[in-house]
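Visitor: Please read through the structure below; I'll follow up with questions.
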Amino acid sequence: METRKVYLDNSATTKVDEKVLKAMLPYLTNLYGNPNSLHKWGREAHKGVDKAREQVSELINSSPNDIIFTGSGTEADNLAIKGTAFALKDKGKHIITSAIEHHALLNSIKWLKKIGYDYTILPVDQYGLVDPKDLENAIRPDTILASIMFGNNEIGTIEPIAELGTICREHGVLFHSDAVQAAGHVKIDVEKLPIDMLSIAAHKMYGPKGVGALYVRRGIKLTPIIHGGGQEFGVRAGTENTSGIVGFGAAAELAAARLVNGEMENETRLRDKLINGLLERIPETQLTGHGSQRLPYHASFCVKYIEGEGMLLLMDAAGIAVSSGSACASGNLEPSHVLLACGLDHATAHGSVRLTLGHTTTEEDIDYVLEKFPPIVEKLRLMSPFYDKKNKN
Amino acid sequence: METRKVYLDNSATTKVDEKVLKAMLPYLTNLYGNPNSLHKWGREAHKGVDKAREQVSELINSSPNDIIFTGSGTEADNLAIKGTAFALKDKGKHIITSAIEHHALLNSIKWLKKIGYDYTILPVDQYGLVDPKDLENAIRPDTILASIMFGNNEIGTIEPIAELGTICREHGVLFHSDAVQAAGHVKIDVEKLPIDMLSIAAHKMYGPKGVGALYVRRGIKLTPIIHGGGQEFGVRAGTENTSGIVGFGAAAELAAARLVNGEMENETRLRDKLINGLLERIPETQLTGHGSQRLPYHASFCVKYIEGEGMLLLMDAAGIAVSSGSACASGNLEPSHVLLACGLDHATAHGSVRLTLGHTTTEEDIDYVLEKFPPIVEKLRLMSPFYDKKNKN
Amino acid sequence: MYNEKVVDYFMNPRNSGKMENANAIGEVGNPVCGDVMKIYLKVNDDHVIEDIKFETFGCAAAIATSSMVTVMAKGKTLQEALRINNKDVTAELGGLPPQKQHCSLLAQEGIEKAIVDYFARRGEELPEGLLFPSTAVKCGRNCCGDKAKKIEEEPFISDNHRATE
Amino acid sequence: MYNEKVVDYFMNPRNSGKMENANAIGEVGNPVCGDVMKIYLKVNDDHVIEDIKFETFGCAAAIATSSMVTVMAKGKTLQEALRINNKDVTAELGGLPPQKQHCSLLAQEGIEKAIVDYFARRGEELPEGLLFPSTAVKCGRNCCGDKAKKIEEEPFISDNHRATE
Ligand SMILES: Cc1ncc(COP(=O)(O)O)c(C=O)c1O
Ligand SMILES: Cc1ncc(COP(=O)(O)O)c(C=O)c1O
């Protein structure tokens, strides 16, 4: 049983679905043309990219021509933020975002600030929720863009996108949402939602790494961040990653089907079993993020008195992949900015652990984790100076 | 015989080598971790990326840590140009480049100009060569960077990189070279050459599309164009395209071996057979670019009195993939800026056609092209009002 | 990119080549732009186009539209031929890619120019009532002349509908 | 990331846990930074460390270095124990990743602090000649205190050696 392998780090990345790989393989073998070439090889490749554009657009109910393929979710975020900032620089230079965004967002606006832009970072409550009133209050005459993520990668919280987007629309401010974690896992309809731009990535929905997309509502013009040939409607230059894009298309189609046929409900059930099981078995542990308004595959905790990296490595030794927002695990000296933004103190935040399910996660996998995790925590706690103190007091 | 397929558009993109695909497949199946994750899945993926970094660095004789993986050759060019421009903005804002660079370069500097930078575009002679004296004369006190391509994609000319780089070094100006067409096909040693940055791309050397790299000499700091997590030494954020990067590594290793074992010489021999054969068989046709200082796989011509797209499509109908820098074929209204920069008049430039060989091109392929191409030209010429005039006069 | 009919008219052009006994020739376009079309007419005394040929320097769309316009004009009176609209030519070909639409204008202009030449050669005035649609209409295509001017400022900005600089 | 020996010392820590009859305790680090180490000593009258234990809140490297330092110090005199340099601990573990080097400083500091505590508890002055290497040396690691200050200006700039903003 020690050799069981349970991958619960699907927020970091997912395994490429076999059907996705099958769709990709022709573009890694015989259909190797450059989609920009006029000859047969090029036209075949172009057809593959076109089909993928349709598949991805169907996942979010957009028009295919509103999809710009990029090299990652990060690049999609950068294109949305910087592309808008440069395009609208004569209109204004103020951008609003939240304290729990991905670094792709936050580091982009920090950089923009260095070159003359300004931003407001909205706080979140203990569950990681942005208050739409805060957004409304932050809007200034020179605000050009607000960007609030759809679902958070570290704590799973799903933001009130409809309300946030509506406020932006009322004030004539463009609204971008980073849906890298949410797309393919929760229903997103850009026709119904007041979203102007949406970032997504293939590798978070069983597609390949190295391909993302930005949905851009018709009529919005962006300044490219990668200049060159006229690929992707002139917004993102560079020879297309044909196999990756085709894989993204296939993954999007499969994800759309899962959303329709109710597979996510089973995933959510397993997730809730995991959450409840761990909270029962491991005392002095709290769920991070929102209890119900959360990504269906996402469970995240702070375990008191111990540090995340240790849990991660001992779980790994037990064959279980998890992640942590602790300082050590993230390679930074600070624990996750998301956890701190939710009001957790540093010591608690260092005890963060995230378990994110996938569409192939089984009941047995969850049982295995519920069996293995508590003794690991106990082992680390017995080494902790804080746990000791606690017992004494 | 009509069904023979001859792909002579290897400058546009190449077919993924079977060995490359074999190296990639594990990273599209079981080794699906995110290289940033600490657990086993992550460490395995990390190892793959590390190995690829070594393989790519060996191709150009750099240190592995000097290789930044990107999402395309275009992105590598953008990172070099904009990354330097932003990093050195307090030092100066003047950039020098040549008239025959790829759009990735030229459109990047055009954009930089809009935000307050300045540039000088060096002319080329009829063979597409930059004169090192022109470079020296263009250097100003505020010049921070010069970028001259290694080998040109449209006309195959190889620039005098050693001389150009030496001048830059003497003047304390950083020197970047776009080697997207050259790397893997000609020997490049960044230890021996005075090159500070070098752009390369996997898909031009039988690797996958959607992955490039920028070599950055140790000590040079760049401002990222894609901000986010700390991937690629903090210079290029975004979850790594693991399978693509691993494929790049394998492709680089294979290319390095080909350079050593003399395979390129055979390719050059076939190329020369093609060049000489076509010049003999098709009157009033000129080779574009330099006769000997050219990429070993590259043949390019201007065929008088006719337009490139027609040739391309009729060749395609004969099973042969070629490209053209004509206005129509390029989707622009202008013929190739490269051909115009070499002093060709518009009408002649519209008759451009490029045939670029690959490592699997055979003698029979060349014979087939030598048989099929001349009557295609004749067919189009018989429809041309200029050819007609010519015969009358 | 091109539909089958366009490809057919490009690969197997109808009425291509020179005409020795033409009594009218129209040449339009500009080699700088990469599109030049020459239309040869043999017009009889009833102003019926008895024979028509074309020569074209240009892309596949230019060749296909040239060919199609000759097919459409053959046997028609000059008056009727002038009614062949560039949209009709495109429609008859089953459509052209957006960036190739302008080629069909060239075909229409070629016919017009040849008809003007017909009367000029005969030393006749243009008959009253003859309508020349395209010369009346301002050139709607992205003329390469316009482009050439723009080139000075922004030589390398590619054509696209989404990016702004 | 970690070598086998580090993993071993983390997975199977030597001398971990509380010590009931310690006669010296040193606690260093800061929970804000994610690294706290507590060293328990049982020192005999000859100033020999008869027993030693640790408790650590921190990453695997912190636990492994804590464990290693206890192994190295056990049976040594206080004087000898003070000579255990953080580099020795790292070397004994076969090396640590660059960003984890600072953990070994913590281990060294823990021993020092406990030794100070030993004399303090006995109401004795620190013996002359005892050398406290790390308190003499300015803290070389990226202290989280420093970092916390920097955070105010640049909360999200990641740690790297290649990028400039
Ligand atoms: C010389 C040159 N530079 C840059 C590029 C762009 O590379 P990529 O196609 O990977 O974006 C190309 C290829 O199109 C090229 O030929
Ligand atoms: C919310 C969020 N945004 C952006 C990204 C970045 O996407 P990618 O990893 O494709 O660069 C991620 C994933 O790491 C994410 O979780």
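Starting from 1 in every chain, residues are counted up; chains themselves are A, B, ... following the order of the structure tokens, and ligands are numbered from 1 as listed.
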Considering only C-alpha atoms, tabulate each residue of chain B that lies at most 7 Å from chain C along with its nearest interatomic pair and the corresponding distance in Å to one decimal; arrange the rows by chain and ascending residue number and present them as a Markdown table.

Guide:
| residue | atom | partner | partner_atom | distance |
| --- | --- | --- | --- | --- |
| B:His103 | CA | C:Phe156 | CA | 6.9 |
| B:Leu106 | CA | C:Phe156 | CA | 6.7 |
| B:Asn107 | CA | C:Phe156 | CA | 6.1 |
| B:Trp111 | CA | C:Glu165 | CA | 6.7 |
| B:Ile306 | CA | C:Phe57 | CA | 5.7 |
| B:Glu307 | CA | C:Gly58 | CA | 5.3 |
| B:Glu309 | CA | C:Cys59 | CA | 5.3 |
| B:Gly310 | CA | C:Ala60 | CA | 5.4 |
| B:Ala327 | CA | C:Gly34 | CA | 6.9 |
| B:Cys328 | CA | C:Cys59 | CA | 6.0 |
| B:Asn332 | CA | C:Asp159 | CA | 6.8 |
| B:Leu333 | CA | C:Cys144 | CA | 6.5 |
| B:Glu334 | CA | C:Cys33 | CA | 7.0 |
| B:His346 | CA | C:Val32 | CA | 4.8 |
| B:Ala347 | CA | C:Pro31 | CA | 5.0 |
| B:His350 | CA | C:Gly34 | CA | 6.0 |
| B:Leu382 | CA | C:Gly17 | CA | 6.3 |
| B:Met383 | CA | C:Glu55 | CA | 4.8 |
| B:Ser384 | CA | C:Thr56 | CA | 5.0 |
| B:Pro385 | CA | C:Glu55 | CA | 5.1 |

Visitor: Hey, can you spit out that residue selection with C-alpha atoms as a PDB file, in the first residue's frame?

Guide:
ATOM      1  CA  HIS B 103       9.516  41.500 -37.529  1.00  0.00           C
ATOM      2  CA  LEU B 106      11.670  45.503 -35.958  1.00  0.00           C
ATOM      3  CA  ASN B 107       8.200  45.697 -34.484  1.00  0.00           C
ATOM      4  CA  TRP B 111       6.977  50.036 -30.327  1.00  0.00           C
ATOM      5  CA  ILE B 306       5.705  36.616 -62.099  1.00  0.00           C
ATOM      6  CA  GLU B 307       4.425  36.799 -58.554  1.00  0.00           C
ATOM      7  CA  GLU B 309       2.060  33.317 -54.514  1.00  0.00           C
ATOM      8  CA  GLY B 310       1.265  31.761 -57.838  1.00  0.00           C
ATOM      9  CA  ALA B 327       3.125  40.823 -50.859  1.00  0.00           C
ATOM     10  CA  CYS B 328       0.357  38.358 -51.562  1.00  0.00           C
ATOM     11  CA  ASN B 332       0.800  42.120 -46.434  1.00  0.00           C
ATOM     12  CA  LEU B 333       0.491  44.624 -49.221  1.00  0.00           C
ATOM     13  CA  GLU B 334       4.218  45.105 -49.384  1.00  0.00           C
ATOM     14  CA  HIS B 346       9.117  46.010 -56.009  1.00  0.00           C
ATOM     15  CA  ALA B 347       8.192  44.088 -59.117  1.00  0.00           C
ATOM     16  CA  HIS B 350       7.132  40.164 -55.775  1.00  0.00           C
ATOM     17  CA  LEU B 382       2.898  32.975 -70.258  1.00  0.00           C
ATOM     18  CA  MET B 383       0.126  34.675 -68.326  1.00  0.00           C
ATOM     19  CA  SER B 384       2.234  37.672 -67.389  1.00  0.00           C
ATOM     20  CA  PRO B 385       1.882  41.005 -69.155  1.00  0.00           C
TER      21      PRO B 385
END

Visitor: Considering only C-alpha atoms and all ligand atoms, tabulate each residue of chain B that lies at most 9 Å from ligand 1 along with its nearest interatomic pair and the corresponding distance in Å to one decimal; arrange the rows by chain and ascending residue number and present them as a Markdown table.

Guide:
| residue | atom | partner | partner_atom_place_in_ligand_line | distance |
| --- | --- | --- | --- | --- |
| B:Ser11 | CA | ligand 1 | 16 (O) | 6.5 |
| B:Ala12 | CA | ligand 1 | 14 (O) | 5.9 |
| B:Thr13 | CA | ligand 1 | 14 (O) | 7.6 |
| B:Gly71 | CA | ligand 1 | 10 (O) | 7.5 |
| B:Ser72 | CA | ligand 1 | 10 (O) | 3.8 |
| B:Gly73 | CA | ligand 1 | 7 (O) | 3.4 |
| B:Thr74 | CA | ligand 1 | 11 (O) | 3.7 |
| B:Glu75 | CA | ligand 1 | 11 (O) | 6.4 |
| B:Ala76 | CA | ligand 1 | 7 (O) | 8.0 |
| B:Asp77 | CA | ligand 1 | 4 (C) | 6.9 |
| B:Glu101 | CA | ligand 1 | 1 (C) | 6.8 |
| B:His102 | CA | ligand 1 | 3 (N) | 5.0 |
| B:His103 | CA | ligand 1 | 4 (C) | 7.5 |
| B:Ala104 | CA | ligand 1 | 4 (C) | 6.0 |
| B:Leu105 | CA | ligand 1 | 3 (N) | 7.7 |
| B:Met149 | CA | ligand 1 | 1 (C) | 6.7 |
| B:Phe150 | CA | ligand 1 | 1 (C) | 7.8 |
| B:Gly151 | CA | ligand 1 | 1 (C) | 6.7 |
| B:Asn152 | CA | ligand 1 | 1 (C) | 5.6 |
| B:Asn153 | CA | ligand 1 | 16 (O) | 4.5 |
| B:Glu154 | CA | ligand 1 | 16 (O) | 7.7 |
| B:Asp178 | CA | ligand 1 | 3 (N) | 5.7 |
| B:Ala179 | CA | ligand 1 | 1 (C) | 6.3 |
| B:Val180 | CA | ligand 1 | 2 (C) | 4.8 |
| B:Gln181 | CA | ligand 1 | 16 (O) | 5.1 |
| B:Ala182 | CA | ligand 1 | 1 (C) | 8.0 |
| B:Ser199 | CA | ligand 1 | 3 (N) | 7.7 |
| B:Ile200 | CA | ligand 1 | 7 (O) | 7.6 |
| B:Ala201 | CA | ligand 1 | 10 (O) | 5.2 |
| B:Ala202 | CA | ligand 1 | 10 (O) | 7.4 |
| B:His203 | CA | ligand 1 | 10 (O) | 6.7 |
| B:Lys204 | CA | ligand 1 | 13 (C) | 7.5 |
| B:Lys209 | CA | ligand 1 | 10 (O) | 6.9 |
| B:Gly210 | CA | ligand 1 | 10 (O) | 6.6 |
| B:Val211 | CA | ligand 1 | 10 (O) | 6.8 |
| B:Gly212 | CA | ligand 1 | 10 (O) | 6.1 |

Visitor: Could you give me, as a list in words, the residues within 8 Å of D:Leu82, counting only C-alpha atoms and dropping anything in the same chain fewer than 4 positions from it?

Guide: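 The residues satisfying every condition are Leu78, Gln108, Ile111, Glu112, Leu130, Leu131, Phe132 and Pro133 of chain D.
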
Visitor: Would you mind exporting all heavy atoms of the selected residues as an mmCIF file, in the first residue's frame?

Guide:
data_model
loop_
_atom_site.group_PDB
_atom_site.id
_atom_site.type_symbol
_atom_site.label_atom_id
_atom_site.label_comp_id
_atom_site.auth_asym_id
_atom_site.auth_seq_id
_atom_site.Cartn_x
_atom_site.Cartn_y
_atom_site.Cartn_z
ATOM 1 N N LEU D 78 31.342 22.207 26.018
ATOM 2 C CA LEU D 78 30.705 23.426 25.536
ATOM 3 C C LEU D 78 31.647 24.176 24.593
ATOM 4 O O LEU D 78 31.244 24.680 23.554
ATOM 5 C CB LEU D 78 30.315 24.313 26.718
ATOM 6 C CG LEU D 78 29.269 23.685 27.645
ATOM 7 C CD1 LEU D 78 28.912 24.660 28.777
ATOM 8 C CD2 LEU D 78 28.022 23.269 26.902
ATOM 9 N N GLN D 108 23.338 26.631 14.549
ATOM 10 C CA GLN D 108 24.510 27.088 15.287
ATOM 11 C C GLN D 108 24.097 28.077 16.394
ATOM 12 O O GLN D 108 24.534 27.983 17.545
ATOM 13 C CB GLN D 108 25.452 27.756 14.287
ATOM 14 C CG GLN D 108 26.697 28.334 14.884
ATOM 15 C CD GLN D 108 27.513 29.063 13.807
ATOM 16 O OE1 GLN D 108 27.475 28.702 12.631
ATOM 17 N NE2 GLN D 108 28.231 30.080 14.225
ATOM 18 N N ILE D 111 22.547 26.398 19.553
ATOM 19 C CA ILE D 111 23.537 25.864 20.491
ATOM 20 C C ILE D 111 24.112 26.995 21.354
ATOM 21 O O ILE D 111 24.187 26.922 22.581
ATOM 22 C CB ILE D 111 24.687 25.169 19.729
ATOM 23 C CG1 ILE D 111 24.179 23.981 18.923
ATOM 24 C CG2 ILE D 111 25.812 24.775 20.679
ATOM 25 C CD1 ILE D 111 24.098 22.684 19.662
ATOM 26 N N GLU D 112 24.486 28.059 20.700
ATOM 27 C CA GLU D 112 25.075 29.196 21.418
ATOM 28 C C GLU D 112 24.128 29.726 22.479
ATOM 29 O O GLU D 112 24.495 29.968 23.628
ATOM 30 C CB GLU D 112 25.406 30.323 20.440
ATOM 31 C CG GLU D 112 26.518 29.964 19.483
ATOM 32 C CD GLU D 112 26.725 31.040 18.424
ATOM 33 O OE1 GLU D 112 26.495 32.220 18.711
ATOM 34 O OE2 GLU D 112 27.121 30.679 17.295
ATOM 35 N N LEU D 130 35.442 31.639 25.967
ATOM 36 C CA LEU D 130 34.393 30.992 25.166
ATOM 37 C C LEU D 130 34.085 31.883 23.958
ATOM 38 O O LEU D 130 33.790 33.063 24.107
ATOM 39 C CB LEU D 130 33.110 30.826 25.974
ATOM 40 C CG LEU D 130 32.876 29.490 26.683
ATOM 41 C CD1 LEU D 130 31.405 29.377 27.078
ATOM 42 C CD2 LEU D 130 33.270 28.302 25.830
ATOM 43 N N LEU D 131 34.143 31.309 22.784
ATOM 44 C CA LEU D 131 33.919 32.114 21.575
ATOM 45 C C LEU D 131 32.519 31.851 21.022
ATOM 46 O O LEU D 131 32.122 30.697 20.835
ATOM 47 C CB LEU D 131 34.947 31.744 20.520
ATOM 48 C CG LEU D 131 36.320 32.370 20.733
ATOM 49 C CD1 LEU D 131 37.328 31.776 19.772
ATOM 50 C CD2 LEU D 131 36.244 33.880 20.578
ATOM 51 N N PHE D 132 31.776 32.902 20.792
ATOM 52 C CA PHE D 132 30.436 32.746 20.209
ATOM 53 C C PHE D 132 30.466 33.247 18.774
ATOM 54 O O PHE D 132 30.291 34.432 18.514
ATOM 55 C CB PHE D 132 29.418 33.528 21.039
ATOM 56 C CG PHE D 132 29.170 32.893 22.377
ATOM 57 C CD1 PHE D 132 30.020 33.121 23.445
ATOM 58 C CD2 PHE D 132 28.093 32.035 22.532
ATOM 59 C CE1 PHE D 132 29.800 32.498 24.666
ATOM 60 C CE2 PHE D 132 27.865 31.427 23.759
ATOM 61 C CZ PHE D 132 28.723 31.659 24.834
ATOM 62 N N PRO D 133 30.743 32.350 17.890
ATOM 63 C CA PRO D 133 31.012 32.798 16.522
ATOM 64 C C PRO D 133 29.880 33.620 15.909
ATOM 65 O O PRO D 133 30.110 34.682 15.332
ATOM 66 C CB PRO D 133 31.239 31.506 15.742
ATOM 67 C CG PRO D 133 30.939 30.381 16.662
ATOM 68 C CD PRO D 133 30.794 30.905 18.041
#

Visitor: List every residue of stretch 131-293 of chain A that DSSP, applied to the backbone of this structure, assigns to strand (DSSP E or B), and report them as a list of chain:residue names.

Guide: A:Thr143, A:Ile144, A:Leu145, A:Ala146, A:Ser147, A:Gly151, A:Thr157, A:Ile158, A:Leu174, A:Phe175, A:His176, A:Ser177, A:Asp178, A:Ala183, A:Val186, A:Met197, A:Leu198, A:Ser199, A:Ile200, A:Ala201, A:Gly212, A:Ala213, A:Leu214, A:Tyr215, A:Val216, A:Leu222, A:Thr285, A:Gln286, A:Leu287

Visitor: Go ahead and dump the residues you just picked, N, CA and C atoms, as a PDB file, in the first residue's frame.

Guide:
ATOM      1  N   THR A 143      -9.287  55.468 -13.761  1.00  0.00           N
ATOM      2  CA  THR A 143      -9.223  54.000 -13.714  1.00  0.00           C
ATOM      3  C   THR A 143      -9.559  53.440 -15.095  1.00  0.00           C
ATOM      4  N   ILE A 144      -8.675  52.581 -15.589  1.00  0.00           N
ATOM      5  CA  ILE A 144      -8.918  52.007 -16.913  1.00  0.00           C
ATOM      6  C   ILE A 144      -9.286  50.534 -16.831  1.00  0.00           C
ATOM      7  N   LEU A 145      -8.894  49.892 -15.754  1.00  0.00           N
ATOM      8  CA  LEU A 145      -9.025  48.433 -15.715  1.00  0.00           C
ATOM      9  C   LEU A 145      -9.137  47.957 -14.274  1.00  0.00           C
ATOM     10  N   ALA A 146     -10.003  46.968 -14.075  1.00  0.00           N
ATOM     11  CA  ALA A 146      -9.996  46.236 -12.813  1.00  0.00           C
ATOM     12  C   ALA A 146      -9.799  44.767 -13.145  1.00  0.00           C
ATOM     13  N   SER A 147      -9.019  44.092 -12.325  1.00  0.00           N
ATOM     14  CA  SER A 147      -8.761  42.677 -12.560  1.00  0.00           C
ATOM     15  C   SER A 147      -8.941  41.926 -11.250  1.00  0.00           C
ATOM     16  N   GLY A 151     -11.312  32.313  -9.590  1.00  0.00           N
ATOM     17  CA  GLY A 151     -11.168  31.389  -8.465  1.00  0.00           C
ATOM     18  C   GLY A 151      -9.725  31.406  -8.020  1.00  0.00           C
ATOM     19  N   THR A 157     -11.232  30.132  -3.205  1.00  0.00           N
ATOM     20  CA  THR A 157     -12.404  31.011  -3.166  1.00  0.00           C
ATOM     21  C   THR A 157     -12.801  31.513  -4.554  1.00  0.00           C
ATOM     22  N   ILE A 158     -14.105  31.468  -4.810  1.00  0.00           N
ATOM     23  CA  ILE A 158     -14.639  32.013  -6.062  1.00  0.00           C
ATOM     24  C   ILE A 158     -15.203  33.399  -5.782  1.00  0.00           C
ATOM     25  N   LEU A 174     -12.777  48.713 -17.872  1.00  0.00           N
ATOM     26  CA  LEU A 174     -12.640  47.352 -18.389  1.00  0.00           C
ATOM     27  C   LEU A 174     -12.464  46.378 -17.232  1.00  0.00           C
ATOM     28  N   PHE A 175     -13.004  45.170 -17.407  1.00  0.00           N
ATOM     29  CA  PHE A 175     -12.915  44.175 -16.335  1.00  0.00           C
ATOM     30  C   PHE A 175     -12.259  42.900 -16.849  1.00  0.00           C
ATOM     31  N   HIS A 176     -11.156  42.554 -16.223  1.00  0.00           N
ATOM     32  CA  HIS A 176     -10.447  41.304 -16.542  1.00  0.00           C
ATOM     33  C   HIS A 176     -10.558  40.346 -15.372  1.00  0.00           C
ATOM     34  N   SER A 177     -10.654  39.064 -15.683  1.00  0.00           N
ATOM     35  CA  SER A 177     -10.635  38.078 -14.611  1.00  0.00           C
ATOM     36  C   SER A 177      -9.675  36.945 -14.962  1.00  0.00           C
ATOM     37  N   ASP A 178      -8.850  36.596 -14.007  1.00  0.00           N
ATOM     38  CA  ASP A 178      -7.917  35.484 -14.142  1.00  0.00           C
ATOM     39  C   ASP A 178      -8.679  34.207 -13.780  1.00  0.00           C
ATOM     40  N   ALA A 183     -11.545  28.036 -15.051  1.00  0.00           N
ATOM     41  CA  ALA A 183     -12.040  27.612 -16.362  1.00  0.00           C
ATOM     42  C   ALA A 183     -11.919  26.098 -16.518  1.00  0.00           C
ATOM     43  N   VAL A 186     -15.575  25.253 -13.459  1.00  0.00           N
ATOM     44  CA  VAL A 186     -16.877  25.845 -13.158  1.00  0.00           C
ATOM     45  C   VAL A 186     -17.377  26.464 -14.458  1.00  0.00           C
ATOM     46  N   MET A 197     -12.249  40.591 -20.377  1.00  0.00           N
ATOM     47  CA  MET A 197     -11.096  39.737 -20.691  1.00  0.00           C
ATOM     48  C   MET A 197     -11.006  38.627 -19.655  1.00  0.00           C
ATOM     49  N   LEU A 198     -10.575  37.473 -20.104  1.00  0.00           N
ATOM     50  CA  LEU A 198     -10.523  36.311 -19.215  1.00  0.00           C
ATOM     51  C   LEU A 198      -9.280  35.494 -19.551  1.00  0.00           C
ATOM     52  N   SER A 199      -8.467  35.206 -18.535  1.00  0.00           N
ATOM     53  CA  SER A 199      -7.266  34.392 -18.758  1.00  0.00           C
ATOM     54  C   SER A 199      -7.552  32.933 -18.432  1.00  0.00           C
ATOM     55  N   ILE A 200      -7.092  32.049 -19.282  1.00  0.00           N
ATOM     56  CA  ILE A 200      -7.218  30.620 -19.006  1.00  0.00           C
ATOM     57  C   ILE A 200      -5.929  29.901 -19.428  1.00  0.00           C
ATOM     58  N   ALA A 201      -5.758  28.673 -18.947  1.00  0.00           N
ATOM     59  CA  ALA A 201      -4.548  27.917 -19.294  1.00  0.00           C
ATOM     60  C   ALA A 201      -4.900  26.450 -19.467  1.00  0.00           C
ATOM     61  N   GLY A 212      -1.722  28.986 -23.085  1.00  0.00           N
ATOM     62  CA  GLY A 212      -2.814  29.664 -22.396  1.00  0.00           C
ATOM     63  C   GLY A 212      -3.629  30.412 -23.421  1.00  0.00           C
ATOM     64  N   ALA A 213      -4.611  31.137 -22.947  1.00  0.00           N
ATOM     65  CA  ALA A 213      -5.404  31.951 -23.867  1.00  0.00           C
ATOM     66  C   ALA A 213      -5.975  33.130 -23.106  1.00  0.00           C
ATOM     67  N   LEU A 214      -6.159  34.198 -23.855  1.00  0.00           N
ATOM     68  CA  LEU A 214      -6.864  35.353 -23.312  1.00  0.00           C
ATOM     69  C   LEU A 214      -8.101  35.564 -24.159  1.00  0.00           C
ATOM     70  N   TYR A 215      -9.238  35.533 -23.492  1.00  0.00           N
ATOM     71  CA  TYR A 215     -10.457  35.942 -24.170  1.00  0.00           C
ATOM     72  C   TYR A 215     -10.485  37.465 -24.143  1.00  0.00           C
ATOM     73  N   VAL A 216     -10.740  38.074 -25.287  1.00  0.00           N
ATOM     74  CA  VAL A 216     -10.820  39.536 -25.374  1.00  0.00           C
ATOM     75  C   VAL A 216     -12.119  39.889 -26.079  1.00  0.00           C
ATOM     76  N   LEU A 222      -5.773  45.790 -27.754  1.00  0.00           N
ATOM     77  CA  LEU A 222      -4.659  45.636 -26.816  1.00  0.00           C
ATOM     78  C   LEU A 222      -3.344  45.942 -27.520  1.00  0.00           C
ATOM     79  N   THR A 285      -6.902  22.656  13.142  1.00  0.00           N
ATOM     80  CA  THR A 285      -6.651  22.846  11.715  1.00  0.00           C
ATOM     81  C   THR A 285      -7.838  23.603  11.154  1.00  0.00           C
ATOM     82  N   GLN A 286      -7.565  24.554  10.289  1.00  0.00           N
ATOM     83  CA  GLN A 286      -8.681  25.309   9.730  1.00  0.00           C
ATOM     84  C   GLN A 286      -8.683  25.248   8.219  1.00  0.00           C
ATOM     85  N   LEU A 287      -9.885  25.247   7.681  1.00  0.00           N
ATOM     86  CA  LEU A 287     -10.024  25.365   6.231  1.00  0.00           C
ATOM     87  C   LEU A 287      -9.658  26.793   5.860  1.00  0.00           C
TER      88      LEU A 287
END

Visitor: Considering only C-alpha atoms, extract the chain B residues located within 8 Å of chain A and return them as a PyMOL selection string.

Guide: chain B and resi 12-16+18+21+28-30+32-34+37-41+71-75+78+102-108+208-211+225-229+237-244+312-313+316+321-323+329

Visitor: Could you pull out all residues of stretch 50-97 of chain A with a DSSP call of alpha helix (DSSP H) and give them as a PyMOL selection string?

Guide: chain A and resi 50-60+73-87

Visitor: For B:Phe301, work out the shell of residues within 9 Å, counting only C-alpha atoms and skipping chain neighbours fewer than 5 positions away, then give it as a count of residues only.

Guide: 13

Visitor: Atom CA of A:Glu284 and atom CA of A:Pro374 are how many Å apart?

Guide: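 Taking atom CA of A:Glu284 as the start and atom CA of A:Pro374 as the end point, the length is 11.7 Å.
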
Visitor: Leaving out D:Glu80 and any residue of its chain fewer than 6 positions from it, which residues lie within 10 Å of it when counting only C-alpha atoms, given as number ranges by chain?

Guide: D: 47-49, 72-73, 130-131

Visitor: Please report the interatomic distance between atom CA of A:Asn276 and atom 5 (C, counted along the ligand's line) of ligand 2 in Å with one decimal.

Guide: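 For atom CA of A:Asn276 relative to atom 5 (C, counted along the ligand's line) of ligand 2, the distance reads 27.6 Å.
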
Visitor: Write out as a PyMOL selection string the residues lying within 12 Å of D:Phe119, counting only C-alpha atoms and excluding same-chain residues fewer than 2 positions away.

Guide: chain D and resi 23-26+41+43+45+47+78+112-117+121-127+130

Visitor: Report as a PyMOL selection string all protein, DNA and RNA residues lying within 10 Å of B:Ser57, evaluated on only C-alpha atoms, omitting residues in the same chain fewer than 4 positions from it.

Guide: chain B and resi 51-53+61-67+189-190+213+215+249+252-253
